4 protein chains.
Amino acid sequence: MLHFDTDYMRGAHPEIINRLAVTNLEQTVGYGQDDYTRRAEQRILEACGLDEGRVHFLVGGTQTNSTVIDGLLRPHEGVVAAETGHINIHESGAVEATGHKVLVLPSKNGKLDACTLEKYLTDFYADATYEHMVAPGMVYISHPTELGTLYSLAELQALSKVCRERNIPLFMDGARLLYGLAAEDTDVTLRDIARLCDVFYIGGTKAGTLFGEAVVVTRPHLLPHFFPLIKQHGALLAKGRLLGIQFETLFENGLYAEIGKHAIRMAMKLKRAFVAKGYRLYVDSSTNQQFFVLPNADLDRLQQVATFEVWGIRGETETPVRFVTDWGTREEDVDALIAALE
Amino acid sequence: MLHFDTDYMRGAHPEIINRLAVTNLEQTVGYGQDDYTRRAEQRILEACGLDEGRVHFLVGGTQTNSTVIDGLLRPHEGVVAAETGHINIHESGAVEATGHKVLVLPSKNGKLDACTLEKYLTDFYADATYEHMVAPGMVYISHPTELGTLYSLAELQALSKVCRERNIPLFMDGARLLYGLAAEDTDVTLRDIARLCDVFYIGGTKAGTLFGEAVVVTRPHLLPHFFPLIKQHGALLAKGRLLGIQFETLFENGLYAEIGKHAIRMAMKLKRAFVAKGYRLYVDSSTNQQFFVLPNADLDRLQQVATFEVWGIRGETETPVRFVTDWGTREEDVDALIAALE
Amino acid sequence: MLHFDTDYMRGAHPEIINRLAVTNLEQTVGYGQDDYTRRAEQRILEACGLDEGRVHFLVGGTQTNSTVIDGLLRPHEGVVAAETGHINIHESGAVEATGHKVLVLPSKNGKLDACTLEKYLTDFYADATYEHMVAPGMVYISHPTELGTLYSLAELQALSKVCRERNIPLFMDGARLLYGLAAEDTDVTLRDIARLCDVFYIGGTKAGTLFGEAVVVTRPHLLPHFFPLIKQHGALLAKGRLLGIQFETLFENGLYAEIGKHAIRMAMKLKRAFVAKGYRLYVDSSTNQQFFVLPNADLDRLQQVATFEVWGIRGETETPVRFVTDWGTREEDVDALIAALE
Amino acid sequence: MLHFDTDYMRGAHPEIINRLAVTNLEQTVGYGQDDYTRRAEQRILEACGLDEGRVHFLVGGTQTNSTVIDGLLRPHEGVVAAETGHINIHESGAVEATGHKVLVLPSKNGKLDACTLEKYLTDFYADATYEHMVAPGMVYISHPTELGTLYSLAELQALSKVCRERNIPLFMDGARLLYGLAAEDTDVTLRDIARLCDVFYIGGTKAGTLFGEAVVVTRPHLLPHFFPLIKQHGALLAKGRLLGIQFETLFENGLYAEIGKHAIRMAMKLKRAFVAKGYRLYVDSSTNQQFFVLPNADLDRLQQVATFEVWGIRGETETPVRFVTDWGTREEDVDALIAALE
């Protein structure tokens, strides 16, 4: 059986699990106050081209989103997001559980548009009853989006401009950022993101670590007391160095970029094969998540040889599906899947 | 200047303010444990045809909605509502502040449709990832809706049927229920509502009292410890008898029905006059809120003689507006407004 | 039967209920944007000697406490209070429901001591693990306290000094402030309070209004978006002018002071009589709440002629009790109670 | 330098890190739906002697406490705990952040006493104002406690009896349970705990795993929708099998007991040596945390050779300190520390 369900089915990249094993018996202080974590922070700041930022390491994506959002908002504020945004759908109401509303805007291919945002903000404050409504206190985007699509640099600059003019922070969920940066057709770099976002995170869980998300705060005054908040949200790992070790390794000798490139190469090979067979793209993604529309007969047949996600609900005659590659995807598995398409 | 902004611009119906004055120096125990409150509860249960229910008196609509919703839901659940629902827009995130998501469904004329609800619930549990999403734990509707429209008995029965088959409570916001029950073309009675909803409230603030909403719990086991929750939500009035006195009066000698009928008669007169002058209805309402689309020139002219609400944002050439009548609307004011239309 | 249970058993002071009746049919805009409310704010600021402050009118004490506290704290912070503080005991967890811990300190006669506070704050930051604990983000006191006792000016100055040195707001619950200001032996004025506290409120519910608490923000930048927060907390009265009218009246022609003086005179008469009869004071209060320790036989006998509160739980041989006077206490009732002591 | 700060300074027990490495490249479904997790659950239920229970694997202690507590309580309820309880002090207000109050009771040596609990519950409901106070909805204890002490079987039975008579769940924080079960003088077994508690957890983080806490629900109907709640609290590990693998290993071939015994042997050796040198016990603990009172001169001298925790704040002449052993403590390090005592 071949597995393309998602990018968190394996453990960690071999270099990372090896590093964890090698350092296993060392004793360090807890909660991320150790040297591994300090060095990981330093390396990430350097990769981001930041002199002044802070990096915090949390365990998983949902907790990272809700902790950052809770830290950035005042009680009367909500977070603006695309209606397809992960925080709006697949986090079991983690944002609302901290008391904040997700203010949804229509999106195209999973992306939030600067004009849509600008118009929403303008209309909001033009409404005489706006003080009875939840104030937009920050903007949440993900890159890649839930649908594997990417913002262009121009799109990101436009969003950032609106946010800065309005003085509301821009927060990027980078759970799959690695795969976005490695895409063949992107013009967005890590440094661009660090320059244009106020807070963002570099996902580890889906990108080579056992777990872990590195939150980069490019304007530290926006999250002044973040440590106790991480603790309060249950997102503080006792053995914090486990995060430090993994991210230090990820940002050493280009491992991060190498992982991304491999997954993208596998994803593109898959995409070309499906397209060549005449399958329709559900959305055109250049990252490690590929979405196709399969006739139900083909879907059933493929499920004999591979596992993958039905995207939403099975249709009457055809159904959208998702195949995901990652750092560990074996080319022979991709080839076997392609062969099964015949 | 004529005032048609909303139905809470005056104090209380003269009989009610008078009753408050007459009883003013009496001493009673606090927090609704007094005899006035007990009698008000009894009268309301009788009017609803309920043997077993409970009635709780809260101060205002937003607090009533968030307290009831918090009481009915488990932490992982959200409340289903029309996207135009009051709790989704004009309550400053009061529901989310208690930790719960508002799960929005598309609506027509402010109404939630039983088929839309049924399909949503079916699709929700058909989705393999549903345990990562907020579970629909109850349904919120308002009657009349934000747009003054009314559910028919058949529509309400269909909604109630879906909810009971799924075992999720149906909660009706009746902030303007009085005006809905008095509408000329409704086939829904208070007893129907008491039979079909699990919890609903009879608004006082917009319907003749100084303030106050009477929450009718037709299935008391659904809200087993509601008193401390009311207190926790800051919704417990120390001098609880003020609510008891007002609602006892409202349900005495048909005052409740009389108030509704007057407001509806005034609203219908207004509607007919606007329509006769050729103005378009923004939505066709048979209750005390009337929505018209006014050319901007007419809008500006009318604002010289009357206050009323621009509905949303002023358009480029024409703008939706709202005129509201209530128990205290004077026919001479309606006539003066109609005269100003010429 | 005589009633001394509490100070919110009657309606409103006759001048206030009368003013509500007289203005009843006027139409004003809602939510406290009316002229009555503006004038009430102005009068209170003048009485406080404040040029710059803001006044917000909420409905009840519990909601006022939780709304102000939620507004002043950041998510990782808690509110410091005496262990006997109202927010710690009798508000059904309203503060915790907004996500914040009540950090309790030992108290004497219901009062928080500046030295205790200073030591707590010093120790807190001296503890190496302080970032794992809830940070003290503000201080809550009440004046009079739950036990009817009063801070002296020196005590209040000392508390304020500690708070300002530490840069944490001092918030005073003044639900019974009127009775504190009217006490015979107090050296604290309203102007002192306005100078020494960052936020405080002047209670109406227990002091002559039907309901209502006037929140005075002496440093408005500390609560920058308070209006939507009031709404979110369900504490925004639709017919806001009802609060404006009542507080405008309360601060007119010295009514506020007059009410206080009457209640204090009645309370002192009661106290002297109990003491003269040889009853022990449970706590020595100079305000409108009087606490005595009654042998159970006397307790049972008195309950034949009067209602009053058993303070806590009935003891085996003797029991603490509370008698409360207010603006409406009739001297003949006090005399009748005293006569019953024989 | 010797390190006795705490029991989470190393990685995982060698057998566990090895198992993670060996299985690293396998692909499994996420979120704990894999076979490793299923087997780990089965083994734990067997070890507990439970036929009907459920086991959920979460990442860390704070998140486990707040998720379980949020799941067990209704909104108006709080959790009863010793005033020294971890949830009351060192979790940055995680419980309050979910809206619930920690109801503290006095404790002796970190333990909650059944009589104290019984009296508190009786008094609570005897108080006429109890509906204005936070209702005790569950009881939280830890075993070992914050001070390393242990409940006897009789004490635990008494607590359980009170809870069951009152119908409130008993929840045990077992972050260091392993070390409690291995204590030389305990008469409490894992099966006793499973029989007497409604929910408890077996800590991994401090007991041989990289991270992870196994929540055992002995009465599953008490936590009916726990999965989405785990997700909402950010406590759901994407690569859930990492928890399954670790706990499966921990409960294989007696590893769990072996780890405990080693740590206890080291702790007892340390304790005997300190006592032999004439140092006073701060509290008499038979588990892996040892507390001594050191004259400040000795404290300063020891800090030259070893790291350990000052317990609270440094005293003027002497200071309480804590030394902790674990599965990885080397006997040569213990000997070296003892030698340094001379």
# chains A, B, ... in the order shown; residues from 1 in each chain; ligands from 1
call {"tool": "interface_residues", "arguments": {"of": "chain A", "to": "chain D", "cutoff": "8 Å", "atoms": "only C-alpha atoms", "output": "MDAnalysis selection string"}}
result
chainID A and resid 3 5 8:12 14 17:18 20:21 23:30 60:64 66 91:94 97:98 205 210:211 228:229 231:239 242 328
call {"tool": "write_last_selection", "arguments": {"atoms": "N, CA and C atoms", "output": "compact mmCIF listing (two decimals), in the first residue's frame"}}
result
# COMPACT_ATOMS: atom_id res chain seq x y z
N HIS A 3 1.22 5.40 0.56
CA HIS A 3 0.56 6.37 1.44
C HIS A 3 0.84 7.81 1.03
N ASP A 5 -1.54 10.26 2.14
CA ASP A 5 -2.61 10.95 2.90
C ASP A 5 -2.20 12.36 3.30
N TYR A 8 2.48 14.18 7.53
CA TYR A 8 2.95 13.91 8.90
C TYR A 8 2.69 12.44 9.27
N MET A 9 2.98 11.57 8.31
CA MET A 9 2.80 10.13 8.56
C MET A 9 4.08 9.45 9.03
N ARG A 10 5.22 10.06 8.75
CA ARG A 10 6.49 9.48 9.17
C ARG A 10 6.97 10.16 10.46
N GLY A 11 8.11 9.70 10.98
CA GLY A 11 8.73 10.36 12.12
C GLY A 11 9.45 11.62 11.67
N ALA A 12 10.76 11.66 11.93
CA ALA A 12 11.53 12.85 11.57
C ALA A 12 12.55 12.52 10.48
N PRO A 14 15.92 11.66 8.95
CA PRO A 14 16.95 10.85 9.63
C PRO A 14 18.00 11.69 10.36
N ILE A 17 16.25 12.76 13.75
CA ILE A 17 16.06 11.72 14.76
C ILE A 17 17.42 11.27 15.28
N ASN A 18 18.40 11.26 14.39
CA ASN A 18 19.74 10.88 14.81
C ASN A 18 20.30 11.87 15.83
N LEU A 20 18.61 13.73 17.84
CA LEU A 20 17.91 13.53 19.11
C LEU A 20 18.49 12.35 19.88
N ALA A 21 18.83 11.28 19.15
CA ALA A 21 19.37 10.10 19.80
C ALA A 21 20.76 10.39 20.38
N THR A 23 22.06 13.16 21.41
CA THR A 23 22.06 14.10 22.54
C THR A 23 21.18 13.61 23.69
N ASN A 24 20.65 12.43 23.53
CA ASN A 24 19.55 11.98 24.42
C ASN A 24 19.89 12.02 25.91
N LEU A 25 21.09 11.63 26.27
CA LEU A 25 21.39 11.53 27.70
C LEU A 25 21.95 12.81 28.32
N GLU A 26 22.14 13.82 27.52
CA GLU A 26 22.59 15.10 28.08
C GLU A 26 21.53 15.65 29.02
N GLN A 27 22.00 16.45 29.96
CA GLN A 27 21.06 17.12 30.86
C GLN A 27 21.07 18.61 30.58
N THR A 28 19.93 19.15 30.33
CA THR A 28 19.83 20.60 30.12
C THR A 28 18.65 21.14 30.91
N VAL A 29 18.65 22.44 31.13
CA VAL A 29 17.50 23.06 31.78
C VAL A 29 16.30 22.98 30.85
N GLY A 30 15.13 23.13 31.42
CA GLY A 30 13.91 22.92 30.65
C GLY A 30 13.36 24.18 30.01
N GLY A 60 2.69 22.26 18.34
CA GLY A 60 1.84 21.94 17.19
C GLY A 60 1.15 23.16 16.62
N GLY A 61 0.53 22.99 15.46
CA GLY A 61 -0.03 24.11 14.72
C GLY A 61 -1.24 24.75 15.38
N THR A 62 -2.19 23.95 15.80
CA THR A 62 -3.41 24.51 16.39
C THR A 62 -3.06 25.33 17.63
N GLN A 63 -2.23 24.79 18.47
CA GLN A 63 -1.87 25.52 19.69
C GLN A 63 -1.07 26.78 19.36
N THR A 64 -0.27 26.70 18.29
CA THR A 64 0.49 27.89 17.89
C THR A 64 -0.45 28.98 17.42
N SER A 66 -3.64 29.43 18.12
CA SER A 66 -4.50 30.02 19.16
C SER A 66 -3.68 30.82 20.17
N GLU A 91 -9.79 23.45 13.41
CA GLU A 91 -9.11 23.51 14.69
C GLU A 91 -10.09 23.41 15.85
N SER A 92 -11.22 22.80 15.61
CA SER A 92 -12.20 22.53 16.67
C SER A 92 -12.53 23.76 17.52
N GLY A 93 -12.48 24.92 16.89
CA GLY A 93 -12.86 26.12 17.62
C GLY A 93 -11.83 26.59 18.62
N ALA A 94 -10.55 26.31 18.35
CA ALA A 94 -9.50 26.69 19.30
C ALA A 94 -9.39 28.20 19.46
N ALA A 97 -12.32 29.36 21.49
CA ALA A 97 -12.16 28.92 22.88
C ALA A 97 -11.35 29.92 23.69
N THR A 98 -10.54 30.76 23.03
CA THR A 98 -9.82 31.80 23.76
C THR A 98 -10.63 33.10 23.79
N THR A 205 6.53 20.16 12.05
CA THR A 205 5.78 18.89 12.07
C THR A 205 5.63 18.29 10.67
N LEU A 210 9.93 15.80 14.33
CA LEU A 210 8.88 14.97 14.94
C LEU A 210 7.64 15.81 15.22
N PHE A 211 7.90 17.05 15.57
CA PHE A 211 6.84 18.00 15.94
C PHE A 211 7.54 19.34 16.10
N PRO A 228 4.63 33.33 29.46
CA PRO A 228 3.54 32.78 30.30
C PRO A 228 2.31 32.41 29.49
N LEU A 229 2.10 33.08 28.37
CA LEU A 229 0.95 32.76 27.54
C LEU A 229 1.13 31.38 26.88
N LYS A 231 2.82 28.98 28.16
CA LYS A 231 2.57 28.05 29.27
C LYS A 231 1.07 27.89 29.50
N GLN A 232 0.37 29.00 29.60
CA GLN A 232 -1.06 28.96 29.88
C GLN A 232 -1.82 28.16 28.81
N HIS A 233 -1.37 28.26 27.58
CA HIS A 233 -2.03 27.54 26.49
C HIS A 233 -1.59 26.09 26.40
N GLY A 234 -0.81 25.62 27.36
CA GLY A 234 -0.38 24.23 27.33
C GLY A 234 0.56 23.94 26.18
N ALA A 235 1.24 24.97 25.70
CA ALA A 235 2.09 24.83 24.52
C ALA A 235 3.58 24.88 24.85
N LEU A 236 3.89 24.82 26.14
CA LEU A 236 5.29 24.89 26.55
C LEU A 236 5.82 23.47 26.79
N LEU A 237 6.79 23.07 25.99
CA LEU A 237 7.34 21.73 26.15
C LEU A 237 8.34 21.72 27.30
N ALA A 238 8.16 20.79 28.23
CA ALA A 238 9.08 20.72 29.38
C ALA A 238 10.52 20.54 28.88
N LYS A 239 10.72 19.54 28.06
CA LYS A 239 12.07 19.31 27.52
C LYS A 239 12.25 20.15 26.26
N LEU A 242 14.34 19.65 22.96
CA LEU A 242 13.96 18.78 21.85
C LEU A 242 13.56 19.62 20.63
N GLY A 328 10.11 12.66 3.00
CA GLY A 328 10.45 11.24 3.02
C GLY A 328 9.83 10.45 1.87
call {"tool": "residues_around", "arguments": {"residues": "A:Val334", "least_positions_apart": "4", "cutoff": "8 Å", "atoms": "only C-alpha atoms", "output": "PyMOL selection string"}}
result
chain A and resi 266+269-270+329-330+338
call {"tool": "select_by_dssp", "arguments": {"residues": "stretch 110-224 of chain C", "states": "strand (DSSP E or B)", "output": "ChimeraX atom specification"}}
result
/C:111,135-142,170-173,199-203,213-217
call {"tool": "write_last_selection", "arguments": {"atoms": "N, CA, C and O atoms", "output": "short mmCIF file (atom, residue, chain, number, x, y, z; two decimals), in the first residue's frame"}}
result
data_model
loop_
_atom_site.label_atom_id
_atom_site.label_comp_id
_atom_site.auth_asym_id
_atom_site.auth_seq_id
_atom_site.Cartn_x
_atom_site.Cartn_y
_atom_site.Cartn_z
N LYS C 111 -9.93 44.09 54.58
CA LYS C 111 -9.07 45.06 53.90
C LYS C 111 -7.73 44.46 53.46
O LYS C 111 -7.15 43.63 54.14
N ALA C 135 0.67 36.42 36.53
CA ALA C 135 1.24 37.72 36.89
C ALA C 135 0.17 38.63 37.47
O ALA C 135 -0.94 38.70 36.94
N PRO C 136 0.50 39.34 38.55
CA PRO C 136 -0.45 40.31 39.11
C PRO C 136 -0.57 41.51 38.17
O PRO C 136 0.36 42.27 37.99
N GLY C 137 -1.74 41.66 37.57
CA GLY C 137 -1.92 42.71 36.56
C GLY C 137 -2.72 43.90 37.04
O GLY C 137 -2.76 44.94 36.37
N MET C 138 -3.35 43.77 38.19
CA MET C 138 -4.13 44.88 38.75
C MET C 138 -4.50 44.51 40.18
O MET C 138 -4.34 43.36 40.59
N VAL C 139 -4.98 45.49 40.91
CA VAL C 139 -5.41 45.25 42.28
C VAL C 139 -6.87 45.67 42.43
O VAL C 139 -7.26 46.73 41.94
N TYR C 140 -7.65 44.79 43.06
CA TYR C 140 -9.06 45.05 43.31
C TYR C 140 -9.28 45.24 44.80
O TYR C 140 -8.84 44.40 45.61
N ILE C 141 -9.91 46.33 45.16
CA ILE C 141 -10.34 46.50 46.55
C ILE C 141 -11.80 46.95 46.53
O ILE C 141 -12.31 47.39 45.49
N SER C 142 -12.47 46.83 47.66
CA SER C 142 -13.79 47.45 47.72
C SER C 142 -13.84 48.35 48.94
O SER C 142 -13.18 48.12 49.95
N LEU C 170 -5.06 50.27 40.06
CA LEU C 170 -5.83 50.05 41.28
C LEU C 170 -7.31 50.29 40.95
O LEU C 170 -7.67 51.36 40.48
N PHE C 171 -8.11 49.27 41.20
CA PHE C 171 -9.53 49.33 40.88
C PHE C 171 -10.35 49.19 42.16
O PHE C 171 -10.15 48.24 42.92
N MET C 172 -11.25 50.13 42.37
CA MET C 172 -12.09 50.07 43.57
C MET C 172 -13.55 49.77 43.22
O MET C 172 -14.16 50.46 42.42
N ASP C 173 -14.05 48.72 43.85
CA ASP C 173 -15.47 48.36 43.77
C ASP C 173 -16.20 49.23 44.78
O ASP C 173 -15.99 49.09 45.99
N VAL C 199 -9.35 53.18 38.27
CA VAL C 199 -10.74 52.96 37.89
C VAL C 199 -11.50 52.67 39.19
O VAL C 199 -10.97 51.99 40.07
N PHE C 200 -12.70 53.19 39.31
CA PHE C 200 -13.54 52.82 40.46
C PHE C 200 -14.98 52.99 40.02
O PHE C 200 -15.26 53.57 38.97
N TYR C 201 -15.89 52.44 40.80
CA TYR C 201 -17.28 52.73 40.44
C TYR C 201 -18.10 53.14 41.63
O TYR C 201 -17.82 52.79 42.77
N ILE C 202 -19.11 53.93 41.30
CA ILE C 202 -20.03 54.48 42.28
C ILE C 202 -21.32 53.69 42.13
O ILE C 202 -22.00 53.78 41.12
N GLY C 203 -21.62 52.90 43.13
CA GLY C 203 -22.78 52.02 43.04
C GLY C 203 -24.08 52.77 43.12
O GLY C 203 -24.24 53.68 43.96
N GLU C 213 -24.39 51.12 37.91
CA GLU C 213 -23.10 51.38 38.53
C GLU C 213 -22.34 52.32 37.59
O GLU C 213 -22.26 52.06 36.39
N ALA C 214 -21.81 53.40 38.14
CA ALA C 214 -21.11 54.39 37.33
C ALA C 214 -19.60 54.15 37.43
O ALA C 214 -19.01 54.42 38.47
N VAL C 215 -19.03 53.66 36.34
CA VAL C 215 -17.60 53.36 36.33
C VAL C 215 -16.82 54.63 35.97
O VAL C 215 -16.99 55.17 34.88
N VAL C 216 -15.99 55.08 36.89
CA VAL C 216 -15.18 56.28 36.64
C VAL C 216 -13.77 55.83 36.28
O VAL C 216 -13.11 55.14 37.05
N VAL C 217 -13.35 56.19 35.08
CA VAL C 217 -12.00 55.84 34.62
C VAL C 217 -11.16 57.10 34.71
O VAL C 217 -11.33 58.03 33.92
#
call {"tool": "residues_around", "arguments": {"residues": "A:Ser107", "least_positions_apart": "4", "cutoff": "10 Å", "atoms": "only C-alpha atoms", "output": "mmCIF file with N, CA, C and O atoms, in the first residue's frame"}}
result
data_model
loop_
_atom_site.group_PDB
_atom_site.id
_atom_site.type_symbol
_atom_site.label_atom_id
_atom_site.label_comp_id
_atom_site.auth_asym_id
_atom_site.auth_seq_id
_atom_site.Cartn_x
_atom_site.Cartn_y
_atom_site.Cartn_z
ATOM 1 N N ALA A 81 -9.748 36.260 8.581
ATOM 2 C CA ALA A 81 -9.176 35.113 7.868
ATOM 3 C C ALA A 81 -10.027 34.779 6.661
ATOM 4 O O ALA A 81 -11.204 35.149 6.583
ATOM 5 N N ALA A 82 -9.410 34.081 5.710
ATOM 6 C CA ALA A 82 -10.173 33.548 4.584
ATOM 7 C C ALA A 82 -11.184 32.533 5.117
ATOM 8 O O ALA A 82 -10.904 31.822 6.078
ATOM 9 N N GLU A 83 -12.339 32.454 4.467
ATOM 10 C CA GLU A 83 -13.362 31.519 4.968
ATOM 11 C C GLU A 83 -12.879 30.079 4.907
ATOM 12 O O GLU A 83 -13.353 29.213 5.646
ATOM 13 N N THR A 84 -11.903 29.808 4.054
ATOM 14 C CA THR A 84 -11.323 28.460 3.976
ATOM 15 C C THR A 84 -10.150 28.284 4.940
ATOM 16 O O THR A 84 -9.523 27.228 4.963
ATOM 17 N N GLY A 85 -9.830 29.297 5.717
ATOM 18 C CA GLY A 85 -8.668 29.249 6.608
ATOM 19 C C GLY A 85 -8.730 28.112 7.621
ATOM 20 O O GLY A 85 -9.808 27.777 8.110
ATOM 21 N N LYS A 111 -6.826 31.985 -0.947
ATOM 22 C CA LYS A 111 -6.061 33.203 -0.646
ATOM 23 C C LYS A 111 -6.955 34.390 -0.302
ATOM 24 O O LYS A 111 -8.020 34.574 -0.879
ATOM 25 N N LEU A 112 -6.460 35.196 0.601
ATOM 26 C CA LEU A 112 -7.117 36.436 0.989
ATOM 27 C C LEU A 112 -6.543 37.541 0.102
ATOM 28 O O LEU A 112 -5.328 37.630 -0.087
ATOM 29 N N ASP A 113 -7.412 38.387 -0.393
ATOM 30 C CA ASP A 113 -6.989 39.408 -1.337
ATOM 31 C C ASP A 113 -6.908 40.773 -0.651
ATOM 32 O O ASP A 113 -7.782 41.127 0.148
ATOM 33 N N THR A 116 -10.024 42.954 -1.118
ATOM 34 C CA THR A 116 -11.134 42.473 -0.287
ATOM 35 C C THR A 116 -10.937 42.922 1.155
ATOM 36 O O THR A 116 -11.873 43.391 1.819
#
call {"tool": "select_by_dssp", "arguments": {"residues": "stretch 86-221 of chain D", "states": "helix (DSSP H, G or I)", "output": "number ranges by chain"}}
result
D: 86-89, 94-97, 114-126, 130-132, 153-166, 177-181, 190-196, 220-221
call {"tool": "write_last_selection", "arguments": {"atoms": "C-alpha atoms", "output": "short mmCIF file (atom, residue, chain, number, x, y, z; two decimals), in the first residue's frame"}}
result
data_model
loop_
_atom_site.label_atom_id
_atom_site.label_comp_id
_atom_site.auth_asym_id
_atom_site.auth_seq_id
_atom_site.Cartn_x
_atom_site.Cartn_y
_atom_site.Cartn_z
CA HIS D 86 0.15 22.57 40.71
CA ILE D 87 -2.91 23.85 38.87
CA ASN D 88 -3.28 26.61 41.45
CA ILE D 89 0.24 27.92 41.18
CA ALA D 94 -4.37 27.55 32.43
CA VAL D 95 -7.46 26.38 34.30
CA GLU D 96 -8.87 29.87 34.69
CA ALA D 97 -8.14 30.50 31.01
CA ALA D 114 -11.09 13.79 53.04
CA CYS D 115 -12.47 15.42 56.19
CA THR D 116 -11.50 18.87 54.99
CA LEU D 117 -13.17 18.12 51.68
CA GLU D 118 -16.30 16.73 53.30
CA LYS D 119 -16.62 19.72 55.61
CA TYR D 120 -16.10 22.14 52.73
CA LEU D 121 -18.80 20.45 50.65
CA THR D 122 -21.23 20.33 53.55
CA ASP D 123 -20.65 23.96 54.43
CA PHE D 124 -20.92 25.02 50.82
CA TYR D 125 -24.43 23.69 50.41
CA ALA D 126 -25.41 24.84 53.90
CA TYR D 130 -24.31 29.02 47.56
CA GLU D 131 -25.88 29.61 44.18
CA HIS D 132 -23.86 32.85 43.99
CA LEU D 153 -4.59 3.77 50.40
CA ALA D 154 -6.87 4.67 53.29
CA GLU D 155 -6.59 8.38 52.50
CA LEU D 156 -7.32 7.78 48.85
CA GLN D 157 -10.30 5.56 49.66
CA ALA D 158 -11.68 8.24 51.95
CA LEU D 159 -11.36 10.93 49.27
CA SER D 160 -12.93 8.69 46.67
CA LYS D 161 -15.80 7.89 48.99
CA VAL D 162 -16.60 11.56 49.57
CA CYS D 163 -16.47 12.26 45.85
CA ARG D 164 -18.74 9.37 44.93
CA GLU D 165 -21.26 10.16 47.63
CA ARG D 166 -21.37 13.71 46.28
CA LEU D 177 2.94 8.64 39.32
CA LEU D 178 5.67 6.20 38.35
CA TYR D 179 7.79 7.40 41.23
CA GLY D 180 4.87 7.21 43.62
CA LEU D 181 4.09 3.62 42.73
CA LEU D 190 -2.03 1.37 39.94
CA ARG D 191 -5.14 -0.78 40.21
CA ASP D 192 -6.19 1.00 43.37
CA ILE D 193 -5.91 4.30 41.58
CA ALA D 194 -7.88 3.02 38.61
CA ARG D 195 -10.58 1.82 40.98
CA LEU D 196 -10.75 4.94 43.12
CA PRO D 220 -15.79 7.09 29.95
CA HIS D 221 -19.30 8.55 30.10
#
call {"tool": "atom_distance", "arguments": {"atom1": "atom CA of B:Val79", "atom2": "atom CA of B:Thr145"}}
result
16.5 Å
call {"tool": "atom_distance", "arguments": {"atom1": "atom CA of D:Asp51", "atom2": "atom CA of D:Thr287"}}
result
29.6 Å
call {"tool": "residues_around", "arguments": {"residues": "stretch 298-304 of chain D", "least_positions_apart": "5", "cutoff": "12 Å", "atoms": "only C-alpha atoms", "output": "ChimeraX atom specification"}}
result
/D:1-5,274,277-279,292-293,309-311,314-315,317-323,336-342
call {"tool": "atom_distance", "arguments": {"atom1": "atom CA of A:Tyr282", "atom2": "atom CA of A:Gly148"}}
result
11.0 Å
call {"tool": "closest_residue", "arguments": {"among": "B:Arg280, B:His262, B:Arg74, B:His143", "to": "D:His225", "atoms": "only C-alpha atoms"}}
result
B:Arg74
